[in-house]
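Listing of final_7.cif, mmCIF, C-alpha atoms
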data_start
loop_
_atom_site.group_PDB
_atom_site.id
_atom_site.type_symbol
_atom_site.label_atom_id
_atom_site.label_comp_id
_atom_site.auth_asym_id
_atom_site.auth_seq_id
_atom_site.Cartn_x
_atom_site.Cartn_y
_atom_site.Cartn_z
ATOM 1 C CA MET X 1 5.422 14.819 23.426
ATOM 2 C CA GLN X 2 6.720 18.315 22.841
ATOM 3 C CA THR X 3 3.224 19.837 22.873
ATOM 4 C CA PRO X 4 0.567 18.693 25.385
ATOM 5 C CA VAL X 5 -2.012 16.398 23.840
ATOM 6 C CA GLN X 6 -5.480 17.772 23.193
ATOM 7 C CA ILE X 7 -8.390 15.516 24.081
ATOM 8 C CA ASP X 8 -11.738 16.717 22.791
ATOM 9 C CA PHE X 9 -14.939 15.107 24.094
ATOM 10 C CA GLN X 10 -17.871 15.772 21.759
ATOM 11 C CA GLY X 11 -21.388 14.989 22.927
ATOM 12 C CA MET X 12 -20.179 13.125 25.988
ATOM 13 C CA GLU X 13 -18.923 13.673 29.504
ATOM 14 C CA ALA X 14 -15.149 14.055 29.900
ATOM 15 C CA LYS X 15 -14.676 11.187 32.352
ATOM 16 C CA PRO X 16 -11.276 10.961 34.069
ATOM 17 C CA GLU X 17 -10.986 7.218 33.340
ATOM 18 C CA THR X 18 -11.485 7.848 29.604
ATOM 19 C CA ARG X 19 -8.866 10.611 29.639
ATOM 20 C CA THR X 20 -6.497 8.242 31.490
ATOM 21 C CA SER X 21 -7.102 5.509 28.898
ATOM 22 C CA VAL X 22 -6.285 7.906 26.040
ATOM 23 C CA MET X 23 -3.116 9.080 27.797
ATOM 24 C CA ASN X 24 -2.040 5.459 28.430
ATOM 25 C CA HIS X 25 -2.468 4.636 24.737
ATOM 26 C CA LEU X 26 -0.431 7.707 23.752
ATOM 27 C CA GLU X 27 2.316 6.860 26.255
ATOM 28 C CA GLN X 28 2.567 3.356 24.801
ATOM 29 C CA LEU X 29 2.960 4.807 21.308
ATOM 30 C CA GLU X 30 5.664 7.184 22.524
ATOM 31 C CA GLU X 31 7.517 4.423 24.386
ATOM 32 C CA ARG X 32 7.533 2.285 21.286
ATOM 33 C CA PHE X 33 8.196 4.913 18.604
ATOM 34 C CA GLY X 34 9.410 8.015 20.484
ATOM 35 C CA ARG X 35 8.753 10.303 17.538
ATOM 36 C CA VAL X 36 5.386 11.888 18.369
ATOM 37 C CA THR X 37 5.697 15.674 18.791
ATOM 38 C CA ALA X 38 2.022 16.597 19.242
ATOM 39 C CA GLY X 39 -1.353 14.927 19.273
ATOM 40 C CA ARG X 40 -5.076 15.492 19.226
ATOM 41 C CA VAL X 41 -7.714 12.891 20.030
ATOM 42 C CA VAL X 42 -11.399 13.542 19.383
ATOM 43 C CA LEU X 43 -13.947 11.241 21.011
ATOM 44 C CA LYS X 44 -17.401 11.694 19.561
ATOM 45 C CA ALA X 45 -20.389 10.097 21.303
ATOM 46 C CA PRO X 46 -22.905 8.061 19.347
ATOM 47 C CA GLY X 47 -25.405 10.341 17.728
ATOM 48 C CA GLY X 48 -28.357 10.307 15.453
ATOM 49 C CA HIS X 49 -26.268 10.544 12.283
ATOM 50 C CA HIS X 50 -27.533 7.973 9.785
ATOM 51 C CA ARG X 51 -24.059 6.585 8.983
ATOM 52 C CA THR X 52 -22.635 6.231 12.480
ATOM 53 C CA GLY X 53 -25.694 6.192 14.713
ATOM 54 C CA GLY X 54 -24.991 4.231 17.883
ATOM 55 C CA LEU X 55 -21.230 4.053 17.297
ATOM 56 C CA TYR X 56 -18.409 6.037 18.870
ATOM 57 C CA GLU X 57 -16.120 7.905 16.503
ATOM 58 C CA ILE X 58 -12.483 8.240 17.511
ATOM 59 C CA ASN X 59 -10.236 10.545 15.493
ATOM 60 C CA ILE X 60 -6.509 10.622 16.202
ATOM 61 C CA ARG X 61 -4.032 13.058 14.706
ATOM 62 C CA LEU X 62 -0.376 12.686 15.649
ATOM 63 C CA SER X 63 2.372 15.027 14.494
ATOM 64 C CA LEU X 64 5.791 13.558 13.783
ATOM 65 C CA PRO X 65 9.165 15.161 13.068
ATOM 66 C CA GLU X 66 9.781 16.655 9.618
ATOM 67 C CA GLY X 67 6.114 17.608 9.170
ATOM 68 C CA ARG X 68 4.801 14.045 8.855
ATOM 69 C CA GLU X 69 1.500 13.019 10.407
ATOM 70 C CA VAL X 70 -0.553 9.999 11.338
ATOM 71 C CA ASN X 71 -4.306 10.414 10.948
ATOM 72 C CA VAL X 72 -6.917 7.914 12.059
ATOM 73 C CA ALA X 73 -10.319 9.304 11.189
ATOM 74 C CA ARG X 74 -12.422 6.371 10.041
ATOM 75 C CA THR X 75 -14.959 4.401 12.046
ATOM 76 C CA ALA X 76 -15.971 1.035 10.659
ATOM 77 C CA GLN X 77 -19.581 1.652 9.721
ATOM 78 C CA ALA X 78 -20.793 -1.920 9.922
ATOM 79 C CA ASP X 79 -18.876 -2.855 13.085
ATOM 80 C CA GLU X 80 -21.276 -2.761 16.008
ATOM 81 C CA ARG X 81 -18.377 -3.295 18.412
ATOM 82 C CA HIS X 82 -17.740 0.452 18.074
ATOM 83 C CA ALA X 83 -20.817 0.982 20.260
ATOM 84 C CA ASP X 84 -18.426 0.198 23.153
ATOM 85 C CA LEU X 85 -16.116 3.142 23.921
ATOM 86 C CA ALA X 86 -13.247 0.958 25.171
ATOM 87 C CA PHE X 87 -13.305 -1.130 21.983
ATOM 88 C CA ALA X 88 -13.502 1.967 19.776
ATOM 89 C CA LEU X 89 -10.484 3.513 21.551
ATOM 90 C CA ASN X 90 -8.430 0.306 21.333
ATOM 91 C CA ASP X 91 -9.261 -0.117 17.646
ATOM 92 C CA ALA X 92 -8.389 3.483 16.756
ATOM 93 C CA PHE X 93 -5.056 3.327 18.595
ATOM 94 C CA LYS X 94 -4.301 -0.043 17.006
ATOM 95 C CA ARG X 95 -4.690 1.609 13.582
ATOM 96 C CA ALA X 96 -2.506 4.540 14.706
ATOM 97 C CA ARG X 97 0.168 2.094 15.901
ATOM 98 C CA ARG X 98 0.084 0.326 12.533
ATOM 99 C CA GLN X 99 0.520 3.615 10.660
ATOM 100 C CA LEU X 100 3.441 4.555 12.903
ATOM 101 C CA GLN X 101 5.044 1.157 12.308
ATOM 102 C CA ASP X 102 4.696 1.632 8.550
ATOM 103 C CA LYS X 103 6.262 5.103 8.716
ATOM 104 C CA VAL X 104 9.186 3.810 10.798
ATOM 105 C CA HIS X 105 9.764 0.935 8.357
ATOM 106 C CA ARG X 106 9.738 3.339 5.394
ATOM 107 C CA GLN X 107 12.107 5.707 7.180
ATOM 108 C CA ARG X 108 14.552 2.869 7.894
ATOM 109 C CA GLY X 109 14.273 1.597 4.340
ATOM 110 C CA ASP X 110 12.781 -1.724 5.473
ATOM 111 C CA VAL X 111 9.978 -1.564 2.904
ATOM 112 C CA LYS X 112 10.357 -3.965 0.014
ATOM 113 C CA VAL X 113 10.645 -2.329 -3.362
ATOM 114 C CA HIS X 114 9.427 -4.474 -6.213
ATOM 115 C CA GLU X 115 11.409 -3.977 -9.352
ATOM 116 C CA ALA X 116 9.447 -3.607 -12.538
ATOM 117 C CA PRO X 117 9.993 -6.363 -15.085
ATOM 118 C CA PRO X 118 12.463 -5.510 -17.846
ATOM 119 C CA ILE X 119 11.129 -4.028 -21.080
ATOM 120 C CA ALA X 120 12.178 -5.095 -24.565
ATOM 121 C CA THR X 121 11.170 -4.657 -28.188
ATOM 122 C CA VAL X 122 10.158 -7.492 -30.486
ATOM 123 C CA ALA X 123 13.105 -7.515 -32.909
ATOM 124 C CA GLN X 124 12.244 -10.536 -35.056
ATOM 125 C CA LEU X 125 9.411 -13.051 -35.513
ATOM 126 C CA ASP X 126 10.109 -16.350 -37.232
ATOM 127 C CA PRO X 127 7.881 -16.901 -40.320
ATOM 128 C CA SER X 128 6.929 -20.350 -38.973
ATOM 129 C CA GLY X 129 5.150 -18.586 -36.113
ATOM 130 C CA GLU X 130 6.894 -20.625 -33.413
ATOM 131 C CA PHE X 131 9.452 -18.222 -31.919
ATOM 132 C CA GLY X 132 10.962 -14.780 -32.006
ATOM 133 C CA PHE X 133 13.672 -12.572 -30.576
ATOM 134 C CA LEU X 134 13.493 -9.584 -28.249
ATOM 135 C CA GLU X 135 15.982 -6.746 -28.127
ATOM 136 C CA THR X 136 16.580 -5.439 -24.615
ATOM 137 C CA ASN X 137 17.285 -1.808 -23.740
ATOM 138 C CA ASP X 138 20.960 -2.695 -23.318
ATOM 139 C CA GLY X 139 21.129 -4.229 -26.832
ATOM 140 C CA ARG X 140 21.036 -7.927 -25.932
ATOM 141 C CA GLU X 141 19.036 -10.428 -27.990
ATOM 142 C CA ILE X 142 16.683 -12.749 -26.083
ATOM 143 C CA TYR X 143 14.968 -15.788 -27.641
ATOM 144 C CA PHE X 144 11.304 -16.504 -26.846
ATOM 145 C CA HIS X 145 8.919 -19.296 -27.851
ATOM 146 C CA ARG X 146 5.282 -18.716 -28.764
ATOM 147 C CA ASN X 147 4.216 -20.585 -25.594
ATOM 148 C CA SER X 148 5.964 -18.017 -23.417
ATOM 149 C CA VAL X 149 3.669 -15.202 -24.648
ATOM 150 C CA LEU X 150 0.856 -14.694 -22.163
ATOM 151 C CA ASN X 151 -2.808 -15.200 -23.103
ATOM 152 C CA ASP X 152 -1.966 -16.920 -26.393
ATOM 153 C CA GLY X 153 -0.846 -13.506 -27.642
ATOM 154 C CA PHE X 154 1.879 -14.606 -30.055
ATOM 155 C CA GLU X 155 -0.353 -14.078 -33.107
ATOM 156 C CA GLY X 156 -0.961 -10.461 -32.057
ATOM 157 C CA LEU X 157 2.717 -9.558 -31.742
ATOM 158 C CA SER X 158 4.471 -7.514 -34.396
ATOM 159 C CA VAL X 159 8.061 -6.388 -34.890
ATOM 160 C CA GLY X 160 8.610 -3.208 -32.882
ATOM 161 C CA ALA X 161 6.023 -4.068 -30.221
ATOM 162 C CA ARG X 162 7.063 -3.278 -26.646
ATOM 163 C CA VAL X 163 6.852 -6.144 -24.133
ATOM 164 C CA THR X 164 7.825 -6.968 -20.588
ATOM 165 C CA PHE X 165 9.550 -10.272 -20.016
ATOM 166 C CA ALA X 166 11.062 -12.626 -17.471
ATOM 167 C CA GLU X 167 14.514 -13.855 -18.413
ATOM 168 C CA ALA X 168 15.767 -17.376 -17.820
ATOM 169 C CA LEU X 169 18.825 -19.301 -18.924
ATOM 170 C CA GLY X 170 17.972 -21.751 -21.700
ATOM 171 C CA ASP X 171 19.993 -24.533 -23.337
ATOM 172 C CA LYS X 172 21.462 -22.121 -25.885
ATOM 173 C CA GLY X 173 21.647 -18.944 -23.781
ATOM 174 C CA PRO X 174 19.209 -16.388 -22.420
ATOM 175 C CA GLN X 175 15.544 -16.798 -23.222
ATOM 176 C CA ALA X 176 12.295 -15.194 -22.134
ATOM 177 C CA SER X 177 10.221 -17.550 -20.027
ATOM 178 C CA THR X 178 7.309 -15.093 -20.008
ATOM 179 C CA VAL X 179 6.490 -12.357 -22.504
ATOM 180 C CA LYS X 180 3.708 -9.859 -21.887
ATOM 181 C CA PRO X 181 2.713 -7.291 -24.550
ATOM 182 C CA MET X 182 2.510 -3.683 -23.333
ATOM 183 C CA GLY X 183 -0.225 -1.221 -24.181
ATOM 184 C CA LYS X 184 -2.661 -1.121 -27.077
ATOM 185 C CA HIS X 185 0.122 -0.756 -29.669
ATOM 186 C CA ALA X 186 1.735 -4.069 -28.702
ATOM 187 C CA MET X 187 -0.893 -6.150 -30.466
ATOM 188 C CA LYS X 188 -1.998 -6.039 -34.094
ATOM 189 C CA VAL X 189 -5.555 -4.820 -34.493
#

Any chance you could give the structure as structure tokens?
Amino acid sequence: MQTPVQIDFQGMEAKPETRTSVMNHLEQLEERFGRVTAGRVVLKAPGGHHRTGGLYEINIRLSLPEGREVNVARTAQADERHADLAFALNDAFKRARRQLQDKVHRQRGDVKVHEAPPIATVAQLDPSGEFGFLETNDGREIYFHRNSVLNDGFEGLSVGARVTFAEALGDKGPQASTVKPMGKHAMKV
């Protein structure tokens, strides 16, 4: 750590073994992630507060390069295990480790990005009420059957309605296996 860690004991004695435990947790985080530049840990003794009475509160704030931070400031209100200081410390540092892992994954680009389904416009509806055609943003025409429209929504579709769809290859070319109307204007009122 570039800046010495601050450990703040509130309403409790600053025992050397507790300070050592906090430092060990921080060292483990630094060994694993190596990107912590400063840190502050607040250990608050159980008090008479109606929401956290009898439970330790552990707040951790870690500074990372480029102005990013990890903040753990929540104590599980219904978890009586937080009445034990060792458990409360382990739990808080476990949450800090998870946040650091998530930040590292995002920084590396390891986070999955879910693509939004493609959007199309209803271009044509067959008068028989059995099928229609979508026009995609790139000008392609996609066939769809009434059964592919979610929630039995075929009757509510109109030409010009915007929809999302899942494309599949049919016997005669591309077709929409799923069609989902978008917004309140997608369905006839």

task = Excluding X:Val159 and residues on its chain fewer than 6 positions from it, collect all residues at most 8 Å away from it, counting all atoms listed in the file, and give them as a ChimeraX atom specification.
result = /X:121-125

Would you export the selected residues with C-alpha atoms as a short mmCIF file (atom, residue, chain, number, x, y, z; two decimals), keeping the file's coordinate frame, please?
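Wrote it out as result.cif, contents follow:
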data_model
loop_
_atom_site.label_atom_id
_atom_site.label_comp_id
_atom_site.auth_asym_id
_atom_site.auth_seq_id
_atom_site.Cartn_x
_atom_site.Cartn_y
_atom_site.Cartn_z
CA THR X 121 11.17 -4.66 -28.19
CA VAL X 122 10.16 -7.49 -30.49
CA ALA X 123 13.10 -7.52 -32.91
CA GLN X 124 12.24 -10.54 -35.06
CA LEU X 125 9.41 -13.05 -35.51
#

Residues matched by the PyMOL selection byres ((chain X and resi 39) around 8), written as a tab-separated table (two decimals) with C-alpha atoms, in the coordinates of the input:
chain	number	residue	atom	x	y	z
X	1	MET	CA	5.42	14.82	23.43
X	3	THR	CA	3.22	19.84	22.87
X	4	PRO	CA	0.57	18.69	25.38
X	5	VAL	CA	-2.01	16.40	23.84
X	6	GLN	CA	-5.48	17.77	23.19
X	36	VAL	CA	5.39	11.89	18.37
X	37	THR	CA	5.70	15.67	18.79
X	38	ALA	CA	2.02	16.60	19.24
X	40	ARG	CA	-5.08	15.49	19.23
X	41	VAL	CA	-7.71	12.89	20.03
X	60	ILE	CA	-6.51	10.62	16.20
X	61	ARG	CA	-4.03	13.06	14.71
X	62	LEU	CA	-0.38	12.69	15.65
X	63	SER	CA	2.37	15.03	14.49

Any chance you could work out the residue set of the PyMOL selection byres ((chain X and resi 99-109) around 10) here, as a PDB file with C-alpha atoms, keeping the file's coordinate frame?
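Output (result_23.pdb):
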ATOM      1  CA  LEU X  29       2.960   4.807  21.308  1.00  0.00           C
ATOM      2  CA  ARG X  32       7.533   2.285  21.286  1.00  0.00           C
ATOM      3  CA  PHE X  33       8.196   4.913  18.604  1.00  0.00           C
ATOM      4  CA  ARG X  35       8.753  10.303  17.538  1.00  0.00           C
ATOM      5  CA  VAL X  36       5.386  11.888  18.369  1.00  0.00           C
ATOM      6  CA  LEU X  62      -0.376  12.686  15.649  1.00  0.00           C
ATOM      7  CA  LEU X  64       5.791  13.558  13.783  1.00  0.00           C
ATOM      8  CA  ARG X  68       4.801  14.045   8.855  1.00  0.00           C
ATOM      9  CA  GLU X  69       1.500  13.019  10.407  1.00  0.00           C
ATOM     10  CA  VAL X  70      -0.553   9.999  11.338  1.00  0.00           C
ATOM     11  CA  ASN X  71      -4.306  10.414  10.948  1.00  0.00           C
ATOM     12  CA  VAL X  72      -6.917   7.914  12.059  1.00  0.00           C
ATOM     13  CA  PHE X  93      -5.056   3.327  18.595  1.00  0.00           C
ATOM     14  CA  LYS X  94      -4.301  -0.043  17.006  1.00  0.00           C
ATOM     15  CA  ARG X  95      -4.690   1.609  13.582  1.00  0.00           C
ATOM     16  CA  ALA X  96      -2.506   4.540  14.706  1.00  0.00           C
ATOM     17  CA  ARG X  97       0.168   2.094  15.901  1.00  0.00           C
ATOM     18  CA  ARG X  98       0.084   0.326  12.533  1.00  0.00           C
ATOM     19  CA  ASP X 110      12.781  -1.724   5.473  1.00  0.00           C
ATOM     20  CA  VAL X 111       9.978  -1.564   2.904  1.00  0.00           C
ATOM     21  CA  LYS X 112      10.357  -3.965   0.014  1.00  0.00           C
ATOM     22  CA  VAL X 113      10.645  -2.329  -3.362  1.00  0.00           C
TER      23      VAL X 113
END

query = When you draw a straight line from atom CA of X:Glu30 to atom CA of X:Leu85, how long is it in Å?
reply =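 Spanning atom CA of X:Glu30 to atom CA of X:Leu85 is a straight-line distance of 22.2 Å.
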
Residue IDs satisfying the PyMOL selection byres ((chain X and resi 176) around 7), as a PyMOL selection string = chain X and resi 142-144+165-168+175+177-179

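Between atom CA of X:Gly67 and atom CA of X:Glu115 the interatomic distance comes to 28.9 Å.
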
task = Provide the atom CA of X:Ala14 to atom CA of X:Asn59 distance in Å, to one decimal place.
result =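 Interatomic distance, atom CA of X:Ala14 to atom CA of X:Asn59: 15.6 Å.
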
query = So which one's closest to X:Leu89, X:Phe133, X:Ile119, X:Leu43, X:Glu66? Using all atoms listed in the file, please.
reply =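 Counting all atoms listed in the file, the residue closest to X:Leu89 is X:Leu43.
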
query = Which one is closest to X:Phe131: X:Leu157, X:Ala73, X:Ile58, X:Ala116? Count all atoms listed in the file.
reply =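 Ranking X:Leu157, X:Ala73, X:Ile58, X:Ala116 by distance to X:Phe131, first place goes to X:Leu157.
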
query = Which residue, X:Asn147, X:Gln28, X:Thr20, X:Thr164, has the smallest gap to X:Ala120 when you use only C-alpha atoms?
reply =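 Of X:Asn147, X:Gln28, X:Thr20, X:Thr164, the one nearest X:Ala120 is X:Thr164, counting only C-alpha atoms.
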
Provide stretch 12-25 of chain X rebuilt to N, CA and C atoms, formatted as a PDB file, in the frame of the given file.
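New file part21.pdb:
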ATOM      1  N   MET X  12     -20.318  14.071  24.893  1.00  0.00           N
ATOM      2  CA  MET X  12     -20.179  13.125  25.988  1.00  0.00           C
ATOM      3  C   MET X  12     -19.430  13.779  27.141  1.00  0.00           C
ATOM      4  N   GLU X  13     -19.581  13.177  28.308  1.00  0.00           N
ATOM      5  CA  GLU X  13     -18.923  13.673  29.504  1.00  0.00           C
ATOM      6  C   GLU X  13     -17.428  13.321  29.449  1.00  0.00           C
ATOM      7  N   ALA X  14     -16.602  14.265  29.877  1.00  0.00           N
ATOM      8  CA  ALA X  14     -15.149  14.055  29.900  1.00  0.00           C
ATOM      9  C   ALA X  14     -14.779  13.306  31.173  1.00  0.00           C
ATOM     10  N   LYS X  15     -14.947  11.997  31.162  1.00  0.00           N
ATOM     11  CA  LYS X  15     -14.676  11.187  32.352  1.00  0.00           C
ATOM     12  C   LYS X  15     -13.166  11.026  32.543  1.00  0.00           C
ATOM     13  N   PRO X  16     -12.713  11.111  33.792  1.00  0.00           N
ATOM     14  CA  PRO X  16     -11.276  10.961  34.069  1.00  0.00           C
ATOM     15  C   PRO X  16     -10.713   9.611  33.608  1.00  0.00           C
ATOM     16  N   GLU X  17     -11.482   8.533  33.749  1.00  0.00           N
ATOM     17  CA  GLU X  17     -10.986   7.218  33.340  1.00  0.00           C
ATOM     18  C   GLU X  17     -10.809   7.126  31.822  1.00  0.00           C
ATOM     19  N   THR X  18     -11.634   7.834  31.056  1.00  0.00           N
ATOM     20  CA  THR X  18     -11.485   7.848  29.604  1.00  0.00           C
ATOM     21  C   THR X  18     -10.242   8.653  29.221  1.00  0.00           C
ATOM     22  N   ARG X  19     -10.054   9.792  29.880  1.00  0.00           N
ATOM     23  CA  ARG X  19      -8.866  10.611  29.639  1.00  0.00           C
ATOM     24  C   ARG X  19      -7.601   9.813  29.978  1.00  0.00           C
ATOM     25  N   THR X  20      -7.640   9.069  31.085  1.00  0.00           N
ATOM     26  CA  THR X  20      -6.497   8.242  31.490  1.00  0.00           C
ATOM     27  C   THR X  20      -6.216   7.165  30.447  1.00  0.00           C
ATOM     28  N   SER X  21      -7.263   6.546  29.916  1.00  0.00           N
ATOM     29  CA  SER X  21      -7.102   5.509  28.898  1.00  0.00           C
ATOM     30  C   SER X  21      -6.434   6.088  27.645  1.00  0.00           C
ATOM     31  N   VAL X  22      -6.882   7.254  27.216  1.00  0.00           N
ATOM     32  CA  VAL X  22      -6.285   7.906  26.040  1.00  0.00           C
ATOM     33  C   VAL X  22      -4.812   8.200  26.299  1.00  0.00           C
ATOM     34  N   MET X  23      -4.500   8.747  27.472  1.00  0.00           N
ATOM     35  CA  MET X  23      -3.116   9.080  27.797  1.00  0.00           C
ATOM     36  C   MET X  23      -2.243   7.825  27.855  1.00  0.00           C
ATOM     37  N   ASN X  24      -2.791   6.723  28.389  1.00  0.00           N
ATOM     38  CA  ASN X  24      -2.040   5.459  28.430  1.00  0.00           C
ATOM     39  C   ASN X  24      -1.714   4.969  27.021  1.00  0.00           C
ATOM     40  N   HIS X  25      -2.693   5.040  26.127  1.00  0.00           N
ATOM     41  CA  HIS X  25      -2.468   4.636  24.737  1.00  0.00           C
ATOM     42  C   HIS X  25      -1.370   5.494  24.103  1.00  0.00           C
TER      43      HIS X  25
END
